[in-house]
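final.pdb follows (PDB, C-alpha atoms):
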```
ATOM      1  CA  MET U  25       0.000   0.000   0.000
ATOM      2  CA  LEU U  26       1.347   3.426  -0.955
ATOM      3  CA  PRO U  27       2.069   5.766   1.972
ATOM      4  CA  LEU U  28      -0.203   8.736   2.550
ATOM      5  CA  ASP U  29       1.125  12.278   2.720
ATOM      6  CA  GLU U  30      -0.814  13.767   5.650
ATOM      7  CA  ARG U  31      -1.352  16.962   3.694
ATOM      8  CA  ASN U  32      -3.562  15.108   1.222
ATOM      9  CA  LEU U  33      -7.067  13.637   1.248
ATOM     10  CA  ARG U  34      -7.408   9.872   0.745
ATOM     11  CA  VAL U  35     -10.730   8.593  -0.627
ATOM     12  CA  ALA U  36     -11.741   4.991  -1.327
ATOM     13  CA  LEU U  37     -14.462   3.804  -3.694
ATOM     14  CA  LEU U  38     -15.856   0.307  -3.090
ATOM     15  CA  GLY U  39     -16.833  -1.522  -6.274
ATOM     16  CA  ASP U  40     -20.341  -2.945  -6.731
ATOM     17  CA  ILE U  41     -21.535  -4.608  -3.512
ATOM     18  CA  VAL U  42     -23.336  -7.839  -4.477
ATOM     19  CA  GLY U  43     -25.878  -9.423  -2.150
ATOM     20  CA  VAL U  44     -25.551 -10.407   1.493
ATOM     21  CA  PRO U  45     -21.969 -11.703   1.075
ATOM     22  CA  GLY U  46     -20.939  -8.382  -0.456
ATOM     23  CA  MET U  47     -22.596  -6.505   2.392
ATOM     24  CA  GLN U  48     -20.783  -8.708   4.909
ATOM     25  CA  ILE U  49     -17.307  -7.992   3.597
ATOM     26  CA  ALA U  50     -18.091  -4.347   2.792
ATOM     27  CA  CYS U  51     -19.028  -3.700   6.417
ATOM     28  CA  GLN U  52     -15.738  -5.302   7.483
ATOM     29  CA  ALA U  53     -13.684  -3.456   4.880
ATOM     30  CA  ILE U  54     -14.949   0.078   5.478
ATOM     31  CA  PRO U  55     -13.559   0.421   9.039
ATOM     32  CA  TRP U  56     -10.331  -1.290   7.902
ATOM     33  CA  LEU U  57      -9.943   1.214   5.083
ATOM     34  CA  LYS U  58     -10.349   4.113   7.503
ATOM     35  CA  GLN U  59      -8.123   2.778  10.252
ATOM     36  CA  THR U  60      -5.477   0.703   8.470
ATOM     37  CA  ALA U  61      -5.395   2.236   4.978
ATOM     38  CA  HIS U  62      -5.795   5.772   6.432
ATOM     39  CA  CYS U  63      -8.741   6.696   4.202
ATOM     40  CA  HIS U  64     -10.435   9.895   5.257
ATOM     41  CA  LEU U  65     -13.594   9.033   3.302
ATOM     42  CA  VAL U  66     -15.171   5.891   1.864
ATOM     43  CA  VAL U  67     -17.748   5.908  -0.947
ATOM     44  CA  ALA U  68     -19.584   2.672  -1.816
ATOM     45  CA  ASN U  69     -21.491   1.594  -4.893
ATOM     46  CA  ALA U  70     -24.455  -0.336  -3.471
ATOM     47  CA  GLU U  71     -26.829  -0.817  -6.390
ATOM     48  CA  ASN U  72     -26.532  -4.629  -6.278
ATOM     49  CA  ALA U  73     -26.617  -5.047  -2.506
ATOM     50  CA  ALA U  74     -30.175  -6.414  -2.289
ATOM     51  CA  ASP U  75     -30.043  -9.950  -3.709
ATOM     52  CA  GLY U  76     -28.002  -8.663  -6.628
ATOM     53  CA  THR U  77     -30.305  -5.865  -7.723
ATOM     54  CA  GLY U  78     -31.182  -2.678  -5.841
ATOM     55  CA  LEU U  79     -30.664  -1.554  -2.254
ATOM     56  CA  ARG U  80     -32.836  -1.884   0.819
ATOM     57  CA  VAL U  81     -33.141   0.807   3.477
ATOM     58  CA  ALA U  82     -31.754  -1.530   6.163
ATOM     59  CA  GLN U  83     -28.667  -2.168   4.019
ATOM     60  CA  TYR U  84     -28.152   1.544   3.464
ATOM     61  CA  LYS U  85     -28.243   2.037   7.233
ATOM     62  CA  LYS U  86     -25.716  -0.781   7.767
ATOM     63  CA  LEU U  87     -23.262   0.756   5.323
ATOM     64  CA  ILE U  88     -23.561   4.177   6.944
ATOM     65  CA  ALA U  89     -23.168   2.624  10.411
ATOM     66  CA  ALA U  90     -20.023   0.827   9.185
ATOM     67  CA  GLY U  91     -18.551   4.192   8.208
ATOM     68  CA  ALA U  92     -19.487   4.761   4.560
ATOM     69  CA  ASP U  93     -19.628   8.495   3.876
ATOM     70  CA  ALA U  94     -21.590   8.397   0.622
ATOM     71  CA  ILE U  95     -23.473   5.840  -1.469
ATOM     72  CA  THR U  96     -23.634   5.726  -5.255
ATOM     73  CA  MET U  97     -26.079   3.669  -7.281
ATOM     74  CA  GLY U  98     -26.657   2.771 -10.939
ATOM     75  CA  ASP U  99     -29.226   1.359 -13.352
ATOM     76  CA  HIS U 100     -30.885  -0.787 -10.619
ATOM     77  CA  ILE U 101     -31.436   2.145  -8.276
ATOM     78  CA  TYR U 102     -35.258   1.884  -8.165
ATOM     79  CA  ARG U 103     -35.596  -1.933  -8.021
ATOM     80  CA  LYS U 104     -36.543  -1.748  -4.327
ATOM     81  CA  ARG U 105     -39.310   0.811  -4.078
ATOM     82  CA  GLU U 106     -38.823   1.141  -0.321
ATOM     83  CA  LEU U 107     -35.662   3.113  -1.121
ATOM     84  CA  ILE U 108     -37.468   5.927  -2.943
ATOM     85  CA  PRO U 109     -38.537   7.907   0.172
ATOM     86  CA  LEU U 110     -34.971   7.660   1.472
ATOM     87  CA  LEU U 111     -33.616   8.917  -1.858
ATOM     88  CA  GLN U 112     -35.906  11.928  -1.511
ATOM     89  CA  GLN U 113     -34.657  12.741   2.001
ATOM     90  CA  ALA U 114     -31.082  11.530   2.528
ATOM     91  CA  THR U 115     -28.151  13.789   1.684
ATOM     92  CA  ASN U 116     -25.460  11.113   1.290
ATOM     93  CA  ILE U 117     -26.814   8.933  -1.529
ATOM     94  CA  VAL U 118     -27.074   9.922  -5.190
ATOM     95  CA  LYS U 119     -28.883   8.798  -8.316
ATOM     96  CA  PRO U 120     -27.065   8.843 -11.668
ATOM     97  CA  ALA U 121     -26.776  12.497 -12.578
ATOM     98  CA  ASN U 122     -27.977  11.960 -16.150
ATOM     99  CA  PHE U 123     -31.341  10.555 -15.050
ATOM    100  CA  PRO U 124     -34.303  12.868 -15.757
ATOM    101  CA  PRO U 125     -34.874  15.694 -13.252
ATOM    102  CA  GLU U 126     -38.142  14.034 -12.205
ATOM    103  CA  ALA U 127     -36.354  10.842 -11.089
ATOM    104  CA  PRO U 128     -36.194  10.627  -7.263
ATOM    105  CA  GLY U 129     -32.859  11.425  -5.651
ATOM    106  CA  LEU U 130     -29.983  13.894  -5.591
ATOM    107  CA  THR U 131     -27.710  14.338  -8.594
ATOM    108  CA  TRP U 132     -24.731  15.126  -6.333
ATOM    109  CA  CYS U 133     -23.846  15.291  -2.687
ATOM    110  CA  GLN U 134     -21.067  16.811  -0.627
ATOM    111  CA  VAL U 135     -19.151  15.108   2.170
ATOM    112  CA  PRO U 136     -17.181  17.101   4.774
ATOM    113  CA  THR U 137     -13.413  16.581   4.835
ATOM    114  CA  PRO U 138     -10.735  17.550   7.387
ATOM    115  CA  PHE U 139      -9.324  20.058   4.887
ATOM    116  CA  GLY U 140     -12.131  22.618   4.654
ATOM    117  CA  HIS U 141     -13.359  21.863   1.138
ATOM    118  CA  PRO U 142     -16.003  19.113   0.981
ATOM    119  CA  LEU U 143     -15.785  16.204  -1.442
ATOM    120  CA  ILE U 144     -18.390  16.432  -4.205
ATOM    121  CA  VAL U 145     -19.678  12.972  -5.184
ATOM    122  CA  PHE U 146     -21.797  12.144  -8.204
ATOM    123  CA  SER U 147     -22.325   9.304 -10.638
ATOM    124  CA  LEU U 148     -22.879   9.057 -14.373
ATOM    125  CA  LEU U 149     -24.635   6.237 -16.193
ATOM    126  CA  GLY U 150     -23.198   5.117 -19.515
ATOM    127  CA  ARG U 151     -25.317   4.847 -22.648
ATOM    128  CA  LEU U 152     -23.578   2.071 -24.610
ATOM    129  CA  TYR U 153     -25.317  -1.279 -23.948
ATOM    130  CA  MET U 154     -27.252   0.391 -21.098
ATOM    131  CA  ARG U 155     -30.771   1.738 -20.580
ATOM    132  CA  PRO U 156     -31.646   4.980 -22.427
ATOM    133  CA  VAL U 157     -30.567   8.018 -20.407
ATOM    134  CA  ASP U 158     -29.554  11.614 -21.002
ATOM    135  CA  CYS U 159     -26.038  12.523 -22.132
ATOM    136  CA  PRO U 160     -23.528  11.943 -19.293
ATOM    137  CA  LEU U 161     -21.202  14.653 -20.598
ATOM    138  CA  HIS U 162     -23.885  17.343 -20.542
ATOM    139  CA  ALA U 163     -25.007  16.183 -17.088
ATOM    140  CA  ALA U 164     -21.437  16.418 -15.795
ATOM    141  CA  LYS U 165     -21.027  19.921 -17.210
ATOM    142  CA  GLY U 166     -24.208  21.022 -15.460
ATOM    143  CA  ILE U 167     -23.059  19.694 -12.090
ATOM    144  CA  LEU U 168     -19.606  21.213 -12.460
ATOM    145  CA  ASN U 169     -21.250  24.600 -13.011
ATOM    146  CA  GLU U 170     -23.297  24.107  -9.827
ATOM    147  CA  VAL U 171     -20.333  23.123  -7.653
ATOM    148  CA  ALA U 172     -17.734  25.467  -9.172
ATOM    149  CA  SER U 173     -17.578  27.697  -6.102
ATOM    150  CA  ILE U 174     -18.016  24.899  -3.533
ATOM    151  CA  SER U 175     -14.986  22.642  -3.872
ATOM    152  CA  PRO U 176     -12.291  21.434  -6.289
ATOM    153  CA  LEU U 177     -12.544  17.930  -4.768
ATOM    154  CA  ARG U 178     -14.844  15.950  -7.087
ATOM    155  CA  LEU U 179     -15.245  12.172  -7.355
ATOM    156  CA  ILE U 180     -17.265  10.514 -10.135
ATOM    157  CA  ASP U 181     -18.545   6.946 -10.104
ATOM    158  CA  CYS U 182     -18.826   6.170 -13.830
ATOM    159  CA  HIS U 183     -21.364   3.350 -13.961
ATOM    160  CA  ALA U 184     -21.035   2.061 -17.508
ATOM    161  CA  GLU U 185     -20.517  -1.085 -19.574
ATOM    162  CA  ALA U 186     -18.139  -0.024 -22.349
ATOM    163  CA  THR U 187     -14.519   0.759 -21.532
ATOM    164  CA  SER U 188     -14.369   3.116 -24.524
ATOM    165  CA  GLU U 189     -17.200   5.198 -23.084
ATOM    166  CA  LYS U 190     -15.592   5.316 -19.658
ATOM    167  CA  GLN U 191     -12.333   6.467 -21.223
ATOM    168  CA  SER U 192     -14.163   9.102 -23.256
ATOM    169  CA  ILE U 193     -15.936  10.476 -20.182
ATOM    170  CA  ALA U 194     -12.671  10.579 -18.223
ATOM    171  CA  ARG U 195     -10.789  12.331 -21.017
ATOM    172  CA  PHE U 196     -13.583  14.865 -21.413
ATOM    173  CA  LEU U 197     -13.493  15.642 -17.692
ATOM    174  CA  ASP U 198      -9.705  15.531 -17.238
ATOM    175  CA  GLY U 199      -8.698  18.510 -15.118
ATOM    176  CA  SER U 200     -12.297  19.288 -14.086
ATOM    177  CA  VAL U 201     -12.705  16.461 -11.563
ATOM    178  CA  SER U 202     -10.379  14.678  -9.153
ATOM    179  CA  ALA U 203     -11.158  11.129 -10.240
ATOM    180  CA  VAL U 204     -13.353   9.115 -12.594
ATOM    181  CA  LEU U 205     -13.630   5.550 -11.267
ATOM    182  CA  GLY U 206     -15.716   2.986 -13.124
ATOM    183  CA  THR U 207     -18.229   0.481 -11.780
ATOM    184  CA  HIS U 208     -20.914  -1.852 -13.223
ATOM    185  CA  THR U 209     -18.987  -4.680 -14.934
ATOM    186  CA  HIS U 210     -17.887  -6.281 -11.615
ATOM    187  CA  VAL U 211     -14.482  -6.989 -13.205
ATOM    188  CA  PRO U 212     -11.474  -4.961 -11.929
ATOM    189  CA  THR U 213      -9.257  -3.441 -14.597
ATOM    190  CA  ALA U 214      -5.492  -2.830 -14.551
ATOM    191  CA  ASP U 215      -5.535   0.580 -16.239
ATOM    192  CA  LEU U 216      -5.119   2.840 -13.187
ATOM    193  CA  GLN U 217      -3.565   6.138 -14.249
ATOM    194  CA  ILE U 218      -3.461   9.857 -13.649
ATOM    195  CA  LEU U 219      -4.495  11.679 -16.819
ATOM    196  CA  PRO U 220      -2.407  14.624 -18.109
ATOM    197  CA  LYS U 221      -4.470  17.338 -16.378
ATOM    198  CA  GLY U 222      -4.572  15.588 -13.012
ATOM    199  CA  THR U 223      -7.671  13.356 -12.992
ATOM    200  CA  GLY U 224      -7.295   9.842 -11.577
ATOM    201  CA  PHE U 225      -8.909   7.154 -13.713
ATOM    202  CA  GLN U 226      -9.735   3.447 -13.753
ATOM    203  CA  CYS U 227     -12.204   1.720 -16.080
ATOM    204  CA  ASP U 228     -13.629  -0.502 -13.337
ATOM    205  CA  VAL U 229     -12.944  -0.820  -9.623
ATOM    206  CA  GLY U 230     -14.373  -4.348  -9.563
ATOM    207  CA  MET U 231     -16.807  -6.183  -7.305
ATOM    208  CA  THR U 232     -17.352  -6.491  -3.580
ATOM    209  CA  GLY U 233     -18.770  -9.946  -3.077
ATOM    210  CA  ALA U 234     -18.144 -13.637  -3.749
ATOM    211  CA  TYR U 235     -15.441 -14.265  -6.354
ATOM    212  CA  GLU U 236     -16.108 -18.019  -6.681
ATOM    213  CA  SER U 237     -18.911 -16.978  -8.984
ATOM    214  CA  ILE U 238     -19.874 -15.441 -12.288
ATOM    215  CA  LEU U 239     -20.131 -11.734 -11.487
ATOM    216  CA  GLY U 240     -21.298 -12.583  -7.975
ATOM    217  CA  ARG U 241     -23.896 -15.172  -9.029
ATOM    218  CA  SER U 242     -23.892 -18.946  -8.561
ATOM    219  CA  ILE U 243     -21.744 -20.532 -11.277
ATOM    220  CA  GLU U 244     -24.056 -23.543 -11.606
ATOM    221  CA  ARG U 245     -27.197 -21.417 -11.973
ATOM    222  CA  VAL U 246     -25.614 -19.110 -14.551
ATOM    223  CA  LEU U 247     -24.332 -22.041 -16.636
ATOM    224  CA  ALA U 248     -27.688 -23.829 -16.437
ATOM    225  CA  ALA U 249     -29.514 -20.701 -17.566
ATOM    226  CA  SER U 250     -27.051 -20.259 -20.417
ATOM    227  CA  PHE U 251     -27.903 -23.746 -21.725
ATOM    228  CA  SER U 252     -31.636 -23.846 -21.066
ATOM    229  CA  PHE U 253     -32.784 -20.187 -21.155
ATOM    230  CA  ASP U 254     -34.749 -21.111 -18.033
ATOM    231  CA  PRO U 255     -35.383 -17.742 -16.366
ATOM    232  CA  SER U 256     -34.895 -19.134 -12.862
ATOM    233  CA  THR U 257     -33.446 -16.869 -10.211
ATOM    234  CA  LEU U 258     -29.671 -16.579 -10.378
ATOM    235  CA  GLU U 259     -28.639 -17.160  -6.781
ATOM    236  CA  ILE U 260     -25.980 -15.048  -5.127
ATOM    237  CA  ALA U 261     -22.695 -16.911  -4.643
ATOM    238  CA  THR U 262     -21.188 -17.136  -1.162
ATOM    239  CA  GLU U 263     -17.560 -18.322  -1.452
ATOM    240  CA  ASP U 264     -14.231 -16.432  -1.662
ATOM    241  CA  LEU U 265     -15.376 -13.039  -0.410
ATOM    242  CA  ARG U 266     -13.339 -10.054  -1.528
ATOM    243  CA  CYS U 267     -13.729  -6.294  -1.471
ATOM    244  CA  SER U 268     -12.372  -4.533  -4.550
ATOM    245  CA  THR U 269     -11.617  -0.906  -3.858
ATOM    246  CA  THR U 270      -9.589   1.895  -5.390
ATOM    247  CA  LEU U 271      -7.895   4.621  -3.356
ATOM    248  CA  VAL U 272      -7.120   8.098  -4.639
ATOM    249  CA  ASP U 273      -4.971  10.663  -2.837
ATOM    250  CA  LEU U 274      -6.078  14.198  -3.658
ATOM    251  CA  ASP U 275      -4.544  17.631  -3.219
ATOM    252  CA  PRO U 276      -7.159  19.430  -1.065
ATOM    253  CA  GLN U 277      -6.427  22.804  -2.649
ATOM    254  CA  SER U 278      -6.336  21.982  -6.368
ATOM    255  CA  GLY U 279      -8.366  18.777  -6.360
ATOM    256  CA  ARG U 280      -5.729  17.041  -8.489
ATOM    257  CA  CYS U 281      -5.138  13.323  -8.054
ATOM    258  CA  LEU U 282      -1.625  12.652  -6.761
ATOM    259  CA  GLN U 283      -1.763   8.864  -6.287
ATOM    260  CA  ILE U 284      -4.112   6.079  -7.327
ATOM    261  CA  GLN U 285      -3.924   2.479  -6.150
ATOM    262  CA  ARG U 286      -6.083  -0.624  -6.131
ATOM    263  CA  LEU U 287      -6.680  -2.912  -3.150
ATOM    264  CA  GLU U 288      -8.380  -6.292  -3.105
ATOM    265  CA  LEU U 289      -9.265  -7.187   0.459
ATOM    266  CA  SER U 290     -10.079 -10.794   1.332
ATOM    267  CA  THR U 291     -11.785 -11.978   4.500
ATOM    268  CA  ALA U 292      -8.436 -13.392   5.650
ATOM    269  CA  THR U 293      -6.716 -10.042   5.120
ATOM    270  CA  LEU U 294      -9.342  -8.173   7.093
ATOM    271  CA  GLN U 295      -9.249 -10.695   9.947
ATOM    272  CA  SER U 296      -5.465 -10.876  10.167
ATOM    273  CA  GLN U 297      -4.839  -7.139  10.567
ATOM    274  CA  PRO U 298      -6.186  -4.750  13.180
ATOM    275  CA  SER U 299      -9.362  -2.914  12.229
TER
END
```

Output the file's structure in the form of structure tokens.
Amino acid sequence: MLPLDERNLRVALLGDIVGVPGMQIACQAIPWLKQTAHCHLVVANAENAADGTGLRVAQYKKLIAAGADAITMGDHIYRKRELIPLLQQATNIVKPANFPPEAPGLTWCQVPTPFGHPLIVFSLLGRLYMRPVDCPLHAAKGILNEVASISPLRLIDCHAEATSEKQSIARFLDGSVSAVLGTHTHVPTADLQILPKGTGFQCDVGMTGAYESILGRSIERVLAASFSFDPSTLEIATEDLRCSTTLVDLDPQSGRCLQIQRLELSTATLQSQPS
């Protein structure tokens, strides 16, 4: 793990939390990230926390109690209708910013930091191989205009399928945001980099859940469905729990990304070190 310069802000983004196993290791990993990895803030993508699709209110509360500072979602945000009143009231969970204005939820939130400026958090939904949504680039420009005088610290969860689209969004926003970190595919990528104007980037942070699986689902059920087209429920897998997370160290004054690193935390790792 790279050392932290105490003058800088360290933020972690947890990749897609999948089902009860993902919730289990996420709630173990968040305190570890704050105490052992010296993260000031932890943001979690929780759109698959409820049986692989959506988020329940009780799960939201567990993540916040574990120390999560903000929650991002994605295309499954409204699968559990019980979450809608919370989305209309809570100030630490966001919908994709390129959803229609009428869609319930905030387009961005701000999280206090020890350095004066808050961290602005928002998410963008991709359009390639995804549900129809508004342009993510125009949505990002609108938010950046809104937060221009609030803080240079800006983290984007880019929830998209195509790596080319994630790269395009990151290049478009290079220098305007601190980091563009991808979610949605559940597969961590090895392309961590700091773009020329100071924006940290990774196509996909990966998954928080069971890795003896196919994207968090039971291998046997997925293979059976592939052969038979039987639309039976794809059960959540339970073995080999890991938390995929990416850490970015940010200059609190300029918002530039100074370091970016990936961690994959297993249950054994979290149990063998102090939390």

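This file, filtered with the PyMOL selection byres ((chain U and resi 30) around 12), gives the residues Pro27, Leu28, Asp29, Arg31, Asn32, Leu33, Arg34, His62, Cys63, His64, Pro138, Phe139, Asp273, Leu274, Asp275 and Pro276 of chain U.
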
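Each of U:Gly199, U:Pro176, U:Pro160, U:Gly206 was checked against U:Ile218 using only C-alpha atoms; the smallest atom-to-atom distance is that of U:Gly199.
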
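Interatomic distance, atom CA of U:Thr131 against atom CA of U:Gln52: 28.1 Å.
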
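Across the model, the gap from atom CA of U:Ile193 to atom CA of U:Ala36 is 20.1 Å.
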
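Each of U:Arg241, U:Lys190, U:His141, U:Arg286 was checked against U:Ala261 using only C-alpha atoms; the smallest atom-to-atom distance is that of U:Arg241.
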
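In this model, the gap between atom CA of U:Leu130 and atom CA of U:Tyr102 comes to 13.4 Å.
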
Using only C-alpha atoms, which of U:Ala248, U:Leu294, U:Val201, U:Ala214 sits nearest U:Ser278? U:Val201

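The result of the PyMOL selection byres ((chain U and resi 136) around 12) on the shown file is Leu33, Val35, His64, Leu65, Val66, Asp93, Ala94, Thr115, Asn116, Cys133, Gln134, Val135, Thr137, Pro138, Phe139, Gly140, His141, Pro142, Leu143, Ile144, Val145, Ile174, Ser175, Leu177 and Pro276 of chain U.
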
Residues within 8 Å of U:Ile167, all atoms listed in the file, excluding chain neighbours under 3 positions, as a PyMOL selection string: chain U and resi 131-132+163-164+170-171
